[in-house]
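Listing of entry02.csv; format and content: CSV, C-alpha atoms.
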```csv
chain,number,residue,atom,x,y,z
A,1,MET,CA,21.4,-4.4,-20.1
A,2,SER,CA,24.0,-3.9,-22.8
A,3,LYS,CA,25.7,-0.6,-23.3
A,4,LYS,CA,24.3,-0.3,-26.8
A,5,LEU,CA,20.7,-0.6,-25.6
A,6,VAL,CA,21.2,2.0,-22.9
A,7,ILE,CA,22.7,4.5,-25.4
A,8,GLY,CA,19.9,3.7,-27.8
A,9,LEU,CA,17.2,4.4,-25.2
A,10,ILE,CA,18.9,7.6,-24.0
A,11,MET,CA,19.0,8.8,-27.6
A,12,ILE,CA,15.3,7.9,-28.2
A,13,ILE,CA,14.4,9.9,-25.0
A,14,ILE,CA,16.4,12.9,-26.0
A,15,PHE,CA,14.9,13.0,-29.5
A,16,SER,CA,11.4,12.6,-28.2
A,17,ALA,CA,11.9,15.4,-25.7
A,18,TYR,CA,13.3,17.6,-28.5
A,19,ALA,CA,10.4,16.7,-30.8
A,20,PHE,CA,7.8,17.5,-28.2
A,21,TYR,CA,9.6,20.7,-27.3
A,22,ASN,CA,9.2,21.8,-30.9
A,23,PHE,CA,5.6,20.8,-31.1
A,24,GLN,CA,4.7,22.8,-28.1
A,25,SER,CA,2.7,25.6,-29.7
A,26,ALA,CA,0.8,23.1,-31.8
A,27,LEU,CA,-0.3,21.1,-28.8
A,28,SER,CA,-2.3,23.8,-27.1
A,29,PRO,CA,-5.3,25.3,-28.8
A,30,TYR,CA,-5.6,28.1,-26.3
A,31,SER,CA,-4.4,31.6,-27.1
A,32,THR,CA,-4.6,35.1,-25.6
A,33,PHE,CA,-7.0,38.0,-26.3
A,34,THR,CA,-4.2,39.9,-28.1
A,35,GLN,CA,-3.8,36.9,-30.5
A,36,ALA,CA,-7.5,36.6,-30.9
A,37,ALA,CA,-7.8,40.3,-31.8
A,38,SER,CA,-5.3,39.9,-34.6
A,39,ARG,CA,-7.1,36.8,-36.1
A,40,ASP,CA,-10.2,36.4,-38.2
A,41,GLY,CA,-12.5,33.6,-37.3
A,42,GLN,CA,-12.9,31.7,-34.1
A,43,THR,CA,-10.3,31.5,-31.5
A,44,GLN,CA,-10.2,29.7,-28.2
A,45,VAL,CA,-9.0,32.0,-25.4
A,46,LEU,CA,-8.0,30.7,-22.0
A,47,ALA,CA,-8.8,33.2,-19.3
A,48,PHE,CA,-9.8,33.8,-15.7
A,49,LEU,CA,-12.9,35.4,-14.3
A,50,ILE,CA,-11.7,38.3,-12.2
A,51,ASP,CA,-14.7,40.1,-11.1
A,52,LYS,CA,-17.1,37.5,-9.9
A,53,GLU,CA,-19.7,40.0,-8.6
A,54,ASN,CA,-20.0,41.6,-12.0
A,55,ILE,CA,-21.6,38.9,-14.0
A,56,ALA,CA,-24.6,40.5,-15.6
A,57,TYR,CA,-27.4,38.8,-17.4
A,58,ASN,CA,-29.1,41.0,-20.0
A,59,ARG,CA,-32.7,39.8,-20.3
A,60,GLN,CA,-33.4,41.8,-23.4
A,61,THR,CA,-30.6,40.4,-25.5
A,62,GLY,CA,-30.4,37.2,-23.5
A,63,SER,CA,-26.7,37.4,-23.1
A,64,LEU,CA,-24.3,37.0,-20.2
A,65,ASN,CA,-21.8,39.8,-19.8
A,66,PHE,CA,-18.6,39.5,-17.8
A,67,THR,CA,-14.9,40.5,-17.8
A,68,LEU,CA,-12.1,38.1,-18.3
A,69,GLN,CA,-8.4,38.4,-17.9
A,70,ASP,CA,-6.0,36.2,-19.9
A,71,GLU,CA,-2.6,34.9,-18.9
A,72,GLU,CA,-0.8,38.0,-20.2
A,73,GLY,CA,-3.1,40.2,-18.0
A,74,THR,CA,-5.1,41.6,-20.9
A,75,LEU,CA,-8.7,42.3,-19.9
A,76,ALA,CA,-11.6,41.8,-22.2
A,77,PHE,CA,-15.3,42.3,-22.0
A,78,VAL,CA,-17.1,39.2,-23.0
A,79,THR,CA,-20.7,38.6,-24.1
A,80,TYR,CA,-22.1,35.1,-24.3
A,81,ARG,CA,-25.5,34.2,-25.6
A,82,GLY,CA,-26.6,31.2,-23.7
A,83,ALA,CA,-27.2,29.7,-20.3
A,84,LYS,CA,-24.6,30.2,-17.6
A,85,PRO,CA,-22.7,27.0,-17.0
A,86,ASN,CA,-23.0,25.4,-13.6
A,87,ASN,CA,-20.0,26.2,-11.4
A,88,PHE,CA,-19.2,29.3,-13.5
A,89,GLU,CA,-18.3,31.4,-10.5
A,90,HIS,CA,-16.1,28.7,-9.1
A,91,ALA,CA,-14.3,27.8,-12.3
A,92,GLU,CA,-10.5,27.7,-11.9
A,93,SER,CA,-10.3,29.0,-15.5
A,94,VAL,CA,-12.6,29.4,-18.4
A,95,VAL,CA,-12.2,29.1,-22.2
A,96,VAL,CA,-14.2,31.3,-24.5
A,97,ILE,CA,-14.5,30.3,-28.1
A,98,GLY,CA,-15.4,33.2,-30.4
A,99,SER,CA,-14.1,36.4,-31.9
A,100,PHE,CA,-13.8,40.1,-31.3
A,101,LYS,CA,-16.8,42.1,-32.5
A,102,GLY,CA,-15.7,45.7,-32.1
A,103,ASN,CA,-14.5,46.2,-28.5
A,104,HIS,CA,-16.0,43.2,-27.0
A,105,PHE,CA,-15.3,39.5,-27.4
A,106,GLU,CA,-18.4,37.6,-28.5
A,107,ALA,CA,-18.2,34.0,-27.2
A,108,GLU,CA,-20.1,31.3,-29.0
A,109,ARG,CA,-19.1,28.8,-26.5
A,110,LEU,CA,-18.1,29.0,-22.9
A,111,LEU,CA,-16.1,26.2,-21.4
A,112,VAL,CA,-15.3,26.0,-17.7
A,113,LYS,CA,-12.6,24.2,-15.8
A,114,CYS,CA,-14.2,22.8,-12.7
A,115,PRO,CA,-12.2,22.7,-9.5
A,116,SER,CA,-11.0,19.1,-9.3
A,117,LYS,CA,-12.5,18.3,-6.0
A,118,TYR,CA,-13.8,14.9,-5.2
A,119,GLU,CA,-14.5,15.6,-1.6
A,120,GLU,CA,-16.7,17.7,0.6
A,121,GLN,CA,-15.6,21.3,0.3
A,122,VAL,CA,-14.0,22.9,3.4
A,123,GLU,CA,-14.6,26.6,3.4
A,124,GLY,CA,-11.5,28.7,2.8
A,125,THR,CA,-9.3,25.9,1.5
A,126,LYS,CA,-8.6,25.1,-2.1
B,1,MET,CA,-12.6,-21.0,-12.7
B,2,LEU,CA,-12.7,-19.7,-9.1
B,3,LEU,CA,-10.6,-16.7,-10.1
B,4,LYS,CA,-13.0,-15.9,-12.9
B,5,VAL,CA,-16.0,-16.0,-10.5
B,6,ILE,CA,-14.2,-13.8,-8.1
B,7,LEU,CA,-13.4,-11.3,-10.9
B,8,GLY,CA,-17.0,-11.3,-12.1
B,9,VAL,CA,-18.4,-10.6,-8.6
B,10,TRP,CA,-15.7,-8.0,-8.0
B,11,VAL,CA,-16.5,-6.2,-11.3
B,12,LEU,CA,-20.2,-6.3,-10.5
B,13,ALA,CA,-19.6,-4.9,-7.0
B,14,VAL,CA,-17.5,-2.0,-8.5
B,15,ILE,CA,-20.2,-1.2,-11.1
B,16,TYR,CA,-22.9,-1.3,-8.4
B,17,THR,CA,-20.8,0.9,-6.0
B,18,ALA,CA,-20.0,3.3,-8.9
B,19,PHE,CA,-23.6,4.1,-9.3
B,20,TYR,CA,-25.0,3.9,-5.8
B,21,LEU,CA,-22.2,5.1,-3.5
B,22,PRO,CA,-23.1,8.4,-1.8
B,23,ILE,CA,-20.9,11.0,-3.4
B,24,PRO,CA,-20.0,14.5,-2.0
B,25,GLN,CA,-22.4,16.9,-3.7
B,26,THR,CA,-19.9,19.8,-3.9
B,27,GLY,CA,-17.3,20.2,-6.6
B,28,LEU,CA,-18.1,17.8,-9.4
B,29,GLY,CA,-21.0,16.1,-7.6
B,30,ASP,CA,-22.4,13.1,-9.4
B,31,LEU,CA,-20.2,13.7,-12.4
B,32,ALA,CA,-17.3,12.5,-10.4
B,33,ARG,CA,-18.7,9.0,-10.7
B,34,ILE,CA,-17.2,8.6,-14.1
B,35,ILE,CA,-13.7,8.7,-12.8
B,36,ILE,CA,-14.4,5.3,-11.3
B,37,PHE,CA,-14.3,4.0,-14.9
B,38,HIS,CA,-12.3,6.7,-16.7
B,39,VAL,CA,-9.2,6.7,-14.6
B,40,PRO,CA,-8.7,2.9,-14.4
B,41,LEU,CA,-9.2,2.6,-18.2
B,42,ALA,CA,-6.4,5.1,-18.8
B,43,TRP,CA,-4.1,3.4,-16.3
B,44,VAL,CA,-4.7,0.0,-17.6
B,45,GLY,CA,-4.0,1.3,-21.1
B,46,VAL,CA,-0.6,2.6,-20.0
B,47,ILE,CA,0.1,-0.8,-18.3
B,48,SER,CA,-0.8,-2.6,-21.5
B,49,TYR,CA,1.7,-0.6,-23.4
B,50,LEU,CA,4.4,-1.2,-20.8
B,51,VAL,CA,3.7,-5.0,-21.0
B,52,SER,CA,3.9,-4.8,-24.8
B,53,MET,CA,7.3,-3.0,-24.5
B,54,ILE,CA,8.7,-5.6,-22.0
B,55,ASN,CA,7.6,-8.5,-24.3
B,56,SER,CA,9.1,-6.7,-27.3
B,57,ILE,CA,12.5,-6.4,-25.5
B,58,ARG,CA,12.2,-10.1,-24.6
B,59,TYR,CA,11.5,-11.0,-28.2
B,60,LEU,CA,14.5,-9.1,-29.5
B,61,ARG,CA,16.7,-10.9,-27.0
B,62,LYS,CA,15.3,-14.5,-27.3
B,63,GLU,CA,13.7,-14.4,-30.8
B,64,ASP,CA,10.9,-16.5,-29.5
B,65,ARG,CA,7.6,-15.9,-31.3
B,66,PHE,CA,5.7,-16.4,-28.1
B,67,TYR,CA,6.9,-13.0,-26.9
B,68,ASP,CA,5.9,-11.3,-30.1
B,69,ILE,CA,2.4,-12.7,-29.7
B,70,LYS,CA,2.3,-11.4,-26.1
B,71,ALA,CA,3.5,-8.0,-27.2
B,72,ARG,CA,0.9,-7.8,-29.9
B,73,CYS,CA,-2.0,-8.9,-27.7
B,74,SER,CA,-1.0,-6.4,-25.1
B,75,ALA,CA,-0.7,-3.5,-27.6
B,76,GLU,CA,-4.2,-4.5,-28.9
B,77,LEU,CA,-5.7,-4.3,-25.4
B,78,GLY,CA,-3.8,-1.0,-24.8
B,79,LEU,CA,-5.4,0.5,-27.8
B,80,LEU,CA,-8.8,-0.7,-26.7
B,81,PHE,CA,-8.5,0.6,-23.2
B,82,THR,CA,-7.1,3.9,-24.4
B,83,MET,CA,-10.0,4.3,-26.8
B,84,LEU,CA,-12.5,3.6,-24.0
B,85,ALA,CA,-10.7,6.1,-21.8
B,86,THR,CA,-10.9,8.7,-24.6
B,87,ILE,CA,-14.6,8.1,-25.1
B,88,THR,CA,-15.4,8.2,-21.4
B,89,GLY,CA,-13.2,11.3,-21.3
B,90,ALA,CA,-15.2,13.0,-24.0
B,91,ILE,CA,-18.4,12.3,-22.2
B,92,PHE,CA,-16.8,13.7,-19.0
B,93,ALA,CA,-15.7,16.7,-20.9
B,94,ARG,CA,-19.2,17.3,-22.3
B,95,SER,CA,-20.7,17.5,-18.9
B,96,THR,CA,-17.9,19.2,-17.0
B,97,TRP,CA,-16.5,21.7,-19.3
B,98,GLY,CA,-19.1,21.9,-22.0
B,99,MET,CA,-17.9,20.2,-25.2
B,100,PHE,CA,-17.1,16.7,-26.2
B,101,TRP,CA,-14.0,17.6,-28.0
B,102,ASN,CA,-12.2,21.0,-28.2
B,103,TRP,CA,-8.6,20.0,-28.8
B,104,ASP,CA,-7.6,20.4,-25.2
B,105,PRO,CA,-4.0,19.4,-24.8
B,106,ARG,CA,-5.2,16.3,-22.9
B,107,GLN,CA,-7.3,15.3,-25.9
B,108,THR,CA,-4.7,16.1,-28.5
B,109,THR,CA,-2.0,14.0,-26.7
B,110,VAL,CA,-4.3,11.0,-26.2
B,111,LEU,CA,-5.2,11.2,-29.9
B,112,ILE,CA,-1.5,11.2,-30.8
B,113,LEU,CA,-1.1,8.2,-28.5
B,114,LEU,CA,-3.9,6.3,-30.3
B,115,LEU,CA,-2.2,7.2,-33.7
B,116,VAL,CA,1.2,6.0,-32.4
B,117,TYR,CA,-0.3,2.6,-31.5
B,118,GLY,CA,-2.5,2.5,-34.5
B,119,ALA,CA,0.6,2.8,-36.6
B,120,TYR,CA,2.0,-0.2,-34.8
B,121,PHE,CA,-0.7,-2.4,-36.3
B,122,ALA,CA,-0.4,-0.7,-39.7
B,123,LEU,CA,3.3,-1.6,-39.6
B,124,ARG,CA,2.5,-5.2,-38.7
B,125,SER,CA,-0.1,-5.6,-41.4
B,126,ALA,CA,2.3,-4.1,-44.0
B,127,LEU,CA,5.0,-6.8,-43.5
B,128,PRO,CA,4.1,-10.2,-44.8
B,129,ASP,CA,7.3,-11.9,-43.6
B,130,GLU,CA,6.6,-13.0,-40.0
B,131,LYS,CA,10.1,-12.8,-38.8
B,132,VAL,CA,10.7,-9.3,-40.2
B,133,GLN,CA,7.3,-8.3,-38.9
B,134,ALA,CA,8.0,-9.5,-35.4
B,135,ARG,CA,11.4,-7.8,-35.3
B,136,LEU,CA,10.3,-4.4,-36.7
B,137,ALA,CA,7.2,-4.4,-34.6
B,138,SER,CA,9.2,-5.1,-31.5
B,139,VAL,CA,11.6,-2.2,-32.2
B,140,TYR,CA,8.6,0.1,-33.0
B,141,SER,CA,6.9,-0.9,-29.8
B,142,ILE,CA,9.9,0.1,-27.7
B,143,PHE,CA,10.1,3.5,-29.5
B,144,ALA,CA,6.3,3.9,-29.1
B,145,PHE,CA,6.5,3.4,-25.4
B,146,VAL,CA,9.0,6.1,-24.9
B,147,THR,CA,6.3,8.6,-26.0
B,148,VAL,CA,3.9,7.3,-23.4
B,149,PRO,CA,5.3,9.2,-20.4
B,150,PHE,CA,5.5,12.4,-22.4
B,151,LEU,CA,2.0,12.1,-23.8
B,152,VAL,CA,0.2,10.8,-20.7
B,153,PHE,CA,2.1,12.3,-17.8
B,154,ILE,CA,4.3,15.2,-18.8
B,155,ILE,CA,2.7,17.3,-21.5
B,156,PRO,CA,-0.8,17.5,-19.9
B,157,ARG,CA,0.8,18.7,-16.7
B,158,LEU,CA,2.8,21.4,-18.5
B,159,TYR,CA,0.0,23.1,-20.3
B,160,HIS,CA,-3.2,24.7,-19.2
B,161,THR,CA,-5.9,22.2,-19.7
B,162,LEU,CA,-9.6,22.0,-18.8
B,163,HIS,CA,-9.0,18.5,-17.6
B,164,PRO,CA,-9.4,18.3,-13.8
B,165,ASP,CA,-6.1,17.9,-12.0
B,166,PRO,CA,-5.2,14.2,-12.0
B,167,ILE,CA,-5.8,12.4,-8.7
B,168,LEU,CA,-2.0,12.1,-8.4
B,169,ASN,CA,-1.3,15.8,-9.0
B,170,VAL,CA,1.8,17.9,-9.0
B,171,SER,CA,1.3,19.1,-5.5
B,172,LEU,CA,1.0,15.4,-4.4
B,173,GLN,CA,-2.2,16.1,-2.5
B,174,LEU,CA,-4.9,13.5,-2.5
B,175,ARG,CA,-8.0,15.6,-2.8
B,176,ILE,CA,-10.5,12.9,-2.9
B,177,ASP,CA,-13.2,11.5,-0.6
B,178,SER,CA,-11.8,8.4,1.1
B,179,PHE,CA,-14.7,6.2,0.1
B,180,LEU,CA,-14.5,7.3,-3.5
B,181,LEU,CA,-10.8,6.7,-3.4
B,182,LEU,CA,-11.4,3.2,-2.1
B,183,THR,CA,-13.9,2.5,-4.9
B,184,LEU,CA,-11.4,3.9,-7.4
B,185,ILE,CA,-8.7,1.5,-6.2
B,186,ALA,CA,-11.2,-1.4,-6.2
B,187,SER,CA,-12.0,-0.4,-9.8
B,188,LEU,CA,-8.3,-0.3,-10.7
B,189,VAL,CA,-8.0,-3.8,-9.4
B,190,ALA,CA,-11.1,-4.9,-11.3
B,191,PHE,CA,-9.9,-3.5,-14.6
B,192,SER,CA,-6.4,-4.8,-14.1
B,193,GLY,CA,-8.0,-8.2,-13.5
B,194,LEU,CA,-10.1,-7.8,-16.6
B,195,PHE,CA,-7.0,-7.0,-18.6
B,196,ALA,CA,-5.1,-10.0,-17.3
B,197,TRP,CA,-8.0,-12.3,-18.1
B,198,ILE,CA,-8.6,-11.0,-21.7
B,199,TYR,CA,-4.8,-10.9,-22.3
B,200,ASN,CA,-4.4,-14.5,-21.1
B,201,LEU,CA,-7.3,-15.7,-23.3
B,202,GLN,CA,-6.1,-13.8,-26.4
B,203,VAL,CA,-2.5,-15.0,-26.0
B,204,ARG,CA,-3.6,-18.6,-25.7
B,205,LEU,CA,-5.9,-18.2,-28.7
B,206,MET,CA,-3.2,-16.7,-30.8
B,207,VAL,CA,-0.6,-19.3,-29.8
B,208,LEU,CA,-3.1,-22.1,-30.9
B,209,ASN,CA,-3.7,-20.3,-34.2
B,210,ASP,CA,0.0,-20.0,-34.6
B,211,VAL,CA,0.7,-23.7,-33.9
B,212,ASN,CA,-2.1,-24.6,-36.3
B,213,ARG,CA,-0.7,-22.4,-39.0
B,214,GLN,CA,2.8,-23.8,-38.6
B,215,GLU,CA,1.4,-27.3,-38.9
B,216,ILE,CA,-0.4,-26.5,-42.1
B,217,LEU,CA,2.7,-24.9,-43.5
B,218,ARG,CA,4.7,-28.0,-42.6
B,219,GLY,CA,2.0,-30.1,-44.2
B,220,ASP,CA,1.2,-32.2,-41.1
```

Please lay out the structure from this file as structure tokens.
Amino acid sequence: MSKKLVIGLIMIIIFSAYAFYNFQSALSPYSTFTQAASRDGQTQVLAFLIDKENIAYNRQTGSLNFTLQDEEGTLAFVTYRGAKPNNFEHAESVVVIGSFKGNHFEAERLLVKCPSKYEEQVEGTK
Amino acid sequence: MLLKVILGVWVLAVIYTAFYLPIPQTGLGDLARIIIFHVPLAWVGVISYLVSMINSIRYLRKEDRFYDIKARCSAELGLLFTMLATITGAIFARSTWGMFWNWDPRQTTVLILLLVYGAYFALRSALPDEKVQARLASVYSIFAFVTVPFLVFIIPRLYHTLHPDPILNVSLQLRIDSFLLLTLIASLVAFSGLFAWIYNLQVRLMVLNDVNRQEILRGD
């Protein structure tokens, strides 16, 4: 390979890395509860289910109530009107799409990240 | 001919296995079957772009139109396979995480990749002069391929994504049932074979077209 080509390729790689570094925030749609609270309209919040025993289903309102913790450690009480997704308790992380209504986050959609296991589960391992 | 028959039987065997192989019912359960198609489609897409870049470099060195034709066919197939990977991915997303499309980083990056290679064809069609077209498209294809590792391998691993961890994940652990893995590898071979076959046909077709056009231009 000629010197010119190598230098050219290195420059392309550096510039792409720089461009992607700058696009970082635009690439991920997920935000935190703090960001969601300051925004009007729908937000996608990436969070984790912390209290697996306390997932309550309210028959009267038909909603699922649970507490989530986002990456910054903020806790939020979430209500979701709809069926509980399969694997909800085993989800590695969840994404709630909705907005804050008063002190609770009202999710219109509830997305779950399934554990990527393509094998028989062995208890106690992950 | 024999190779084609073998490929046909192989592909049929993979499709049959994909639907009938007994699959572990924990974790993703039956949904995991889609990876037998989804993963190879994405891999072959990347390989097509690599082949396109290699032929573009060859074109710039030798200025032989044959390499330009090869680069173009390969980019076409790359786009096709990436689209199929995106569609199967959206179906997978609908059933695993709940929505066809929610702008997950995986989805955003694959869309950028599709746009990058879509622009390759826009560039080609915008340049009537064949020599200029071939040269610029070659340079563009090299640039375009530089984005592939970022878009396919690096960014989706840096961000939180709902996409299941890739089979070849950061911790380098293969968490996959051995029979499923075997089917996946067989499928990878099948799709690579399919790529090689379509690619070969398409290149031959375009070379014939090209020879024909040159003859008409010369007035033979």

Please identify every residue of chain B that has at least one atom no more than 7 Å from any atom of chain A, counting all atoms listed in the file, and report them as an MDAnalysis selection string. chainID B and resid 24 26:28 32 96:98 103:105 108 143 146:147 162:165 175:177

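All residues of protein, DNA or RNA that reach within 7 Å of region 180-195 of chain B, judged by only C-alpha atoms and not counting those fewer than 5 positions away in the chain, are Leu7, Trp10, Val11, Val14, Ile36, Pro40 and Val44 of chain B.
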
Mind checking which residues fall within 9 Å of Ala144 (chain B), counting all atoms listed in the file, ignoring those fewer than 3 positions away in the same chain, and posting them as a list of chain:residue names? B:Tyr49, B:Met53, B:Leu113, B:Val116, B:Tyr117, B:Tyr120, B:Val139, B:Tyr140, B:Ser141, B:Thr147, B:Val148

Selection to disk with C-alpha atoms, as an mmCIF file, in the coordinates of the input:
```cif
data_model
loop_
_atom_site.group_PDB
_atom_site.id
_atom_site.type_symbol
_atom_site.label_atom_id
_atom_site.label_comp_id
_atom_site.auth_asym_id
_atom_site.auth_seq_id
_atom_site.Cartn_x
_atom_site.Cartn_y
_atom_site.Cartn_z
ATOM 1 C CA TYR B 49 1.700 -0.600 -23.400
ATOM 2 C CA MET B 53 7.300 -3.000 -24.500
ATOM 3 C CA LEU B 113 -1.100 8.200 -28.500
ATOM 4 C CA VAL B 116 1.200 6.000 -32.400
ATOM 5 C CA TYR B 117 -0.300 2.600 -31.500
ATOM 6 C CA TYR B 120 2.000 -0.200 -34.800
ATOM 7 C CA VAL B 139 11.600 -2.200 -32.200
ATOM 8 C CA TYR B 140 8.600 0.100 -33.000
ATOM 9 C CA SER B 141 6.900 -0.900 -29.800
ATOM 10 C CA THR B 147 6.300 8.600 -26.000
ATOM 11 C CA VAL B 148 3.900 7.300 -23.400
#
```

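Of the listed residues (A:Thr34, A:Glu106, A:Phe100, A:Asn22), A:Glu106 comes nearest to Phe66 (chain A); the distances count all atoms listed in the file.
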
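Counting from CA of Ser74 (chain B), the distance to CA of Pro149 (chain B) is 17.5 Å.
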
Just how far from CA of Gly41 (chain A) is CA of Gly82 (chain A), in Å to one decimal? 19.7 Å

Point (14.4, -12.5, -32.3) neighbourhood (12 Å, all atoms listed in the file) written as a PyMOL selection string: chain B and resi 55-68+130-139

Could you give me, as an NGL selection string, the residues that sit within 8 Å of (-10.3, 40.4, -30.3) in the file's coordinates, counting all atoms listed in the file? :A and (33-39 or 99-105)

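Pairwise distance (CA of Phe153 (chain B), CA of Gly78 (chain B)) equals 16.1 Å.
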
Can you pull out every residue within 9 Å of Ser95 (chain B), counting only C-alpha atoms, but drop anything in the same chain fewer than 5 positions away, and send it as an mmCIF file with C-alpha atoms, in the frame of the given file?
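After the write, part_34.cif holds the following:
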```cif
data_model
loop_
_atom_site.group_PDB
_atom_site.id
_atom_site.type_symbol
_atom_site.label_atom_id
_atom_site.label_comp_id
_atom_site.auth_asym_id
_atom_site.auth_seq_id
_atom_site.Cartn_x
_atom_site.Cartn_y
_atom_site.Cartn_z
ATOM 1 C CA LEU B 31 -20.200 13.700 -12.400
ATOM 2 C CA ALA B 90 -15.200 13.000 -24.000
ATOM 3 C CA PHE B 100 -17.100 16.700 -26.200
#
```
